[in-house]
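**Student:** Here it is, the structure in full.
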Amino acid sequence: MANNKKMVEAITSMDEDFAQWYTDIVKKAELVEYTSVKGCMVIRPYGYAIWENMQRILDGMFKALGHENVCMPMFIPESLLQKEKDHVEGFAPEVAWVTHGGSEKLEERLCVRPTSETLFCEHYANIIHSWRDLPKLYNQWVSVVRWEKTTRPFLRSREFLWQEGHTIHATAEEAIEETERMLGVYADFCENALAMPVVKGRKTESDKFAGAVSTYAIEAMMHDGKALQAGTSHYFGDGFAKAFGIQFSGKDNTLQTPHQTSWGVSTRLIGAVIMAHGDDNGLVLPPAVAPIQVVILPIAQHKPGVLEKAAELKNRLSAVVRVKVDDSENSAGWKFAEYEMKGVPLRLEIGPKDIENNQCVLVTRHNREKHVVSLDELETAIPALLQKVHDGLYQKALDNRRNHTYACTSLDEITRVLEEKGDGFIEAMWCGDEACEDAVKEKTGVGSRCIPFEQKHLSDTCVCCGKPAKHMVLWGKAY
């Protein structure tokens with residue numbers, strides 16, 4: 001083989017070992033590399049390029065709604081963290097502490113931020129005085145640290161990248177509207193950019209964010225039937241504001257307490273894309289976030305005119321898509337496998353006969369369909385095919401969710417369905433009692449994921465205790 005390169009190594013079949021399949025992809029597609037710090041990862045250029053595309057799209061969506069980017073410190077004094085009791089208790093097990101600066105012991109420990117509510121509250125207390133100062137619609141793109149015991153690249157690591165939005169409003173109504181609006185932004189992003197259908201809903205009281213009045217989430221189903229929480233949005237009420245003494249003078253000149261929200265998504269979305277769309281040949285990337293949307297592969301590139309035509313096509317298409325030419329001396333078979341591994345949505349093959357006939361072959365990654373297209377029509381044909389890739393990925397993921405969602409009316413039925421069908425989403429009624437929520441998980445292995453906004457009336461009684469039901473809950477095993 002030219003350059004002594006090996007053929008692309010095989011990936012463990014997802015049906016054989018889903019966890020190993022996932023690890024194989026993140027390594028062999030060169031998304032991450034492990035480090036000497038347990039639970040922390042190097043996000044390699046290809047993996048980071050996926051995140052950059054996610055960030056670019058989301059940042060545009062935020063700014064279109066009036067949000068501004070800021071950057072808070074990464075250290076939080078312990079006394080500041082302690083101001084909101086429920087919040088600090090919720091994060092205490094995962095906090096990393098700085099105790100020394102150089103060789104000197106610090107007078108007060110500093111927390112390496114697991115999230116930034118307290119920092120934003122301190123800032124808001126300093127800058128908000130009047131109703132004219134509201135609302136503040138802030139967001140930041142940073143890394144955070146949570147000392148997880150069990151880690152896996154992208155899905156759960158001790159340091160990860162994310163965005164965290166923090167807004168503050170004059171009224172509860174405005175803050176609640178913002179909370180729900182941002183959940184909708186996340187759902188739109190997942191479905192329109194990541195081709196990943198999601199269920200929107202509210203978390204149960206026991207599963208809400210520490211210090212929140214209510215937490216909303218989007219839940220996605222992975223290929224193996226397990227759930228992944230793809231984004232959350234929290235309504236804090238005025239609890240944080242009261243704890244930090246944030247007040248403003250209202251239009252009637254009375255002192256009032258504002259209401260806050262927080263919302264975030266992280267690099268875990270890369271893991272979601274892998275597990276929702278990938279196959280046994282590697283990544284399958286949605287076109288919107290693919291670093292390379294089209295790869296041009298010259299066939300018989302040693303023959304006159306082939307490399308020149310490939311370069312010409314790249315220059316033409318660069319105005320339309322993210323495109324790369326691979327003119328290396330590796331074999332065509334190696335290149336096919338390599339770019340399948342990397343999940344490039346569209347492969348363009350051009351050889352001497354194609355040039356003679358003023359055409360090329362376009363191959364879509366998700367279904368390997370071949371399309372013979374005139375070179376004169378590429379600027380319109382390629383965007384149309386990329387849209388078909390997106391639509392095909394979305395429909396496949398939606399079909400997977402529909403085929404692995406089961407309505408159940410008893411604990412025995414939940415257990416039987418999971419034994420017969422494997423993991424999936426369970427729809428079942430719930431009375432609202434936390435004891436029943438815990439009992440369902442203990443007896444069946446599935447926990448509550450959310451109370452979907454789109455409710456179904458499956459029965460009048462709780463799946464656990466038989467008392468009158470209040471909600472239909474989505475249950476499942478989760479990453």
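To be explicit about the labels: the chains of the structure tokens are called A, B, and onward in the order shown, and within each one the residues are counted from 1, while ligands get numbers from 1 in the order they are shown.
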May I have the residues within 10 Å of segment 455-467 of chain A as a PyMOL selection string, using only C-alpha atoms and disregarding those fewer than 2 positions away in the same chain?
**Tutor:** chain A and resi 201+407-414+427-433+435-440+443+451-453+469-474
**Student:** Please identify which residues in segment 19-70 of chain A DSSP calls helix (DSSP H, G or I) from the backbone, and express them as a count of residues only.
**Tutor:** 30
**Student:** Any chance you could tabulate, as JSON lines, the residues of segment 10-49 of chain A at most 8 Å from segment 337-354 of chain A with each one's nearest atom pair and distance in Å to one decimal, using only C-alpha atoms, in chain and rising number order?
**Tutor:**
{"residue": "A:Ile25", "atom": "CA", "partner": "A:Met341", "partner_atom": "CA", "distance": 7.7}
{"residue": "A:Lys28", "atom": "CA", "partner": "A:Met341", "partner_atom": "CA", "distance": 7.6}
{"residue": "A:Ala29", "atom": "CA", "partner": "A:Lys342", "partner_atom": "CA", "distance": 5.3}
**Student:** Near Gly264 of chain A, within 9 Å and counting only C-alpha atoms, which residues show up once chain neighbours fewer than 5 positions away are dropped, as a list in words?
**Tutor:**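 Returned residues: Trp162, Gln163, Glu164, Gly165, Tyr186, Gly231, Thr232 and Ser233 of chain A.
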**Student:** Print the selection's residues with N, CA and C atoms to a file, as a compact mmCIF listing (two decimals), in the first residue's frame.
**Tutor:**
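Everything below was put into result_26.txt:
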# COMPACT_ATOMS: atom_id res chain seq x y z
N TRP A 162 -19.43 23.28 26.50
CA TRP A 162 -20.87 23.50 26.37
C TRP A 162 -21.15 24.98 26.21
N GLN A 163 -22.43 25.27 26.02
CA GLN A 163 -22.90 26.64 26.16
C GLN A 163 -23.89 26.63 27.31
N GLU A 164 -23.87 27.72 28.07
CA GLU A 164 -24.88 27.87 29.12
C GLU A 164 -25.49 29.25 29.02
N GLY A 165 -26.78 29.28 28.75
CA GLY A 165 -27.51 30.53 28.69
C GLY A 165 -28.03 30.88 30.07
N TYR A 186 -33.65 24.32 21.03
CA TYR A 186 -32.87 23.08 21.05
C TYR A 186 -33.53 21.99 20.21
N GLY A 231 -30.66 18.10 25.72
CA GLY A 231 -30.62 19.51 26.09
C GLY A 231 -31.60 19.76 27.21
N THR A 232 -31.32 20.78 28.04
CA THR A 232 -32.21 21.12 29.14
C THR A 232 -32.39 22.63 29.23
N SER A 233 -33.55 23.02 29.76
CA SER A 233 -33.86 24.42 29.98
C SER A 233 -34.57 24.54 31.33
**Student:** Quick one: residues within 10 Å of segment 380-382 of chain A, only C-alpha atoms, excluding same-chain residues fewer than 2 positions away - as a list in words?
**Tutor:**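 Selected residues are Gln293, Val294, Leu317, Val320, Val321, Leu346, Leu348, Leu362, His371, Val373, Ser374, Leu375, Asp376, Glu377, Leu378, Ala384, Leu385, Leu386, Gln387 and Lys388 of chain A.
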**Student:** What's around Leu134 of chain A at 12 Å? Count only C-alpha atoms, leave out sequence neighbours fewer than 6 positions away in its own chain, and write the answer as a PyMOL selection string.
**Tutor:** chain A and resi 124+127-128+167-171+174-175+247-251+256-260
**Student:** Point out the residue among A:Val26, A:Ile43, A:Val295, A:Ala310 with the least atom-to-atom distance to Arg322 of chain A, counting only C-alpha atoms.
**Tutor:** A:Val295
**Student:** So, counting only C-alpha atoms, which residue among A:Asp24, A:Arg202, A:Asn367, A:Thr35 is closest to Thr12 of chain A?
**Tutor:**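 Residue with the minimum atom-to-atom distance to Thr12 of chain A: A:Asp24.
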**Student:** Hey, what's within 10 Å of Met41 of chain A if we count only C-alpha atoms and toss same-chain stuff fewer than 4 positions away? As a VMD selection string, please?
**Tutor:** chain A and resid 31 to 37 152 to 154 157 to 160
**Student:** Go ahead and save the picked residues with C-alpha atoms, as a compact mmCIF listing (two decimals), in the first residue's frame.
**Tutor:**
# COMPACT_ATOMS: atom_id res chain seq x y z
CA LEU A 31 -12.65 12.32 16.95
CA VAL A 32 -10.85 12.02 20.30
CA GLU A 33 -7.72 10.75 21.97
CA TYR A 34 -7.41 9.72 25.58
CA THR A 35 -5.10 11.61 27.94
CA SER A 36 -3.12 10.98 31.11
CA VAL A 37 -5.89 12.74 33.08
CA ARG A 152 -17.03 7.87 28.21
CA PRO A 153 -15.89 10.26 25.44
CA PHE A 154 -18.46 12.97 24.69
CA SER A 157 -16.36 13.27 30.79
CA ARG A 158 -14.83 15.21 33.67
CA GLU A 159 -14.25 18.26 31.52
CA PHE A 160 -16.51 19.05 28.59
**Student:** Pick from A:Phe91, A:Phe336, A:Trp263, A:Trp21: nearest to His223 of chain A, with only C-alpha atoms counted?
**Tutor:**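 Going through A:Phe91, A:Phe336, A:Trp263, A:Trp21 one by one, the smallest distance to His223 of chain A is for A:Trp21.
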**Student:** Interatomic distance between atom CA of Val372 of chain A and atom CA of Gln359 of chain A?
**Tutor:** 6.7 Å
**Student:** Atom CA of Val363 of chain A and atom CA of Glu329 of chain A, how far apart in Å?
**Tutor:**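 Separation of atom CA of Glu329 of chain A and atom CA of Val363 of chain A: 21.0 Å.
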**Student:** Counting only C-alpha atoms, which residue out of A:Lys38, A:Lys314, A:His87, A:Lys309 sits closest to Val213 of chain A?
**Tutor:**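 Comparing A:Lys38, A:Lys314, A:His87, A:Lys309 against Val213 of chain A, the winner is A:His87.
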**Student:** DSSP says strand (DSSP E or B) for which residues of segment 9-235 of chain A? Put them as a VMD selection string?
**Tutor:** chain A and resid 32 to 34 41 to 43 68 to 69 75 to 77 96 to 101 104 to 112 130 136 to 145 152 156 159 to 169 199 to 202 214 to 221 227 to 235
**Student:** Could those residues be written to a file, using C-alpha atoms, as a compact mmCIF listing (two decimals), in the first residue's frame?
**Tutor:**
# COMPACT_ATOMS: atom_id res chain seq x y z
CA VAL A 32 -10.85 12.02 20.30
CA GLU A 33 -7.72 10.75 21.97
CA TYR A 34 -7.41 9.72 25.58
CA MET A 41 -10.12 13.80 26.40
CA VAL A 42 -8.37 15.52 23.55
CA ILE A 43 -10.98 16.54 21.00
CA GLU A 68 -25.35 38.21 23.81
CA ASN A 69 -22.22 36.21 24.57
CA PHE A 75 -13.32 29.68 39.53
CA ILE A 76 -16.10 30.13 42.08
CA PRO A 77 -15.34 31.01 45.73
CA ALA A 96 -13.40 19.83 41.87
CA TRP A 97 -11.67 22.18 44.33
CA VAL A 98 -8.56 24.36 44.09
CA THR A 99 -6.89 24.59 47.50
CA HIS A 100 -3.47 26.06 46.65
CA GLY A 101 -2.18 28.91 44.51
CA GLU A 104 0.52 28.82 49.22
CA LYS A 105 -2.71 27.48 50.66
CA LEU A 106 -5.70 29.61 49.70
CA GLU A 107 -7.66 31.32 52.43
CA GLU A 108 -10.84 30.11 50.73
CA ARG A 109 -11.28 27.11 48.44
CA LEU A 110 -12.17 27.80 44.83
CA CYS A 111 -14.57 25.56 42.93
CA VAL A 112 -13.75 24.83 39.29
CA SER A 130 -34.00 49.33 37.43
CA LYS A 136 -30.52 40.41 30.35
CA LEU A 137 -30.18 37.66 27.74
CA TYR A 138 -26.70 36.21 28.22
CA ASN A 139 -24.92 33.09 27.00
CA GLN A 140 -21.39 31.77 27.26
CA TRP A 141 -19.36 29.11 25.42
CA VAL A 142 -16.95 27.55 27.93
CA SER A 143 -15.71 24.31 29.46
CA VAL A 144 -16.93 22.99 32.79
CA VAL A 145 -15.64 20.33 35.19
CA ARG A 152 -17.03 7.87 28.21
CA ARG A 156 -19.79 11.78 30.15
CA GLU A 159 -14.25 18.26 31.52
CA PHE A 160 -16.51 19.05 28.59
CA LEU A 161 -17.44 21.94 26.32
CA TRP A 162 -20.87 23.50 26.37
CA GLN A 163 -22.90 26.64 26.16
CA GLU A 164 -24.88 27.87 29.12
CA GLY A 165 -27.51 30.53 28.69
CA HIS A 166 -28.46 32.64 31.72
CA THR A 167 -31.27 35.15 31.46
CA ILE A 168 -32.99 37.38 34.00
CA HIS A 169 -36.43 38.95 33.62
CA VAL A 199 -39.43 14.37 22.66
CA LYS A 200 -40.02 17.65 24.49
CA GLY A 201 -41.20 17.50 28.08
CA ARG A 202 -40.85 18.48 31.71
CA SER A 214 -38.95 23.41 36.90
CA THR A 215 -36.70 21.72 34.34
CA TYR A 216 -37.61 20.97 30.73
CA ALA A 217 -35.69 18.56 28.50
CA ILE A 218 -35.48 17.07 25.05
CA GLU A 219 -34.99 13.30 24.95
CA ALA A 220 -33.61 11.45 21.94
CA MET A 221 -33.54 7.72 21.29
CA ALA A 227 -32.44 7.53 25.83
CA LEU A 228 -30.06 10.46 25.72
CA GLN A 229 -30.92 13.82 27.27
CA ALA A 230 -29.93 16.14 24.45
CA GLY A 231 -30.62 19.51 26.09
CA THR A 232 -32.21 21.12 29.14
CA SER A 233 -33.86 24.42 29.98
CA HIS A 234 -34.57 25.52 33.56
CA TYR A 235 -36.92 28.02 35.17
**Student:** Distance atom CA of Asn403 of chain A-atom CA of Gly424 of chain A, one decimal place?
**Tutor:** 8.6 Å
**Student:** Could you check the closest approach to Ile270 of chain A for each of A:Val417, A:Ala241, A:Ala300, A:Ile50 and tell me which residue wins, using only C-alpha atoms?
**Tutor:**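 Closest to Ile270 of chain A, using only C-alpha atoms: A:Ile50.
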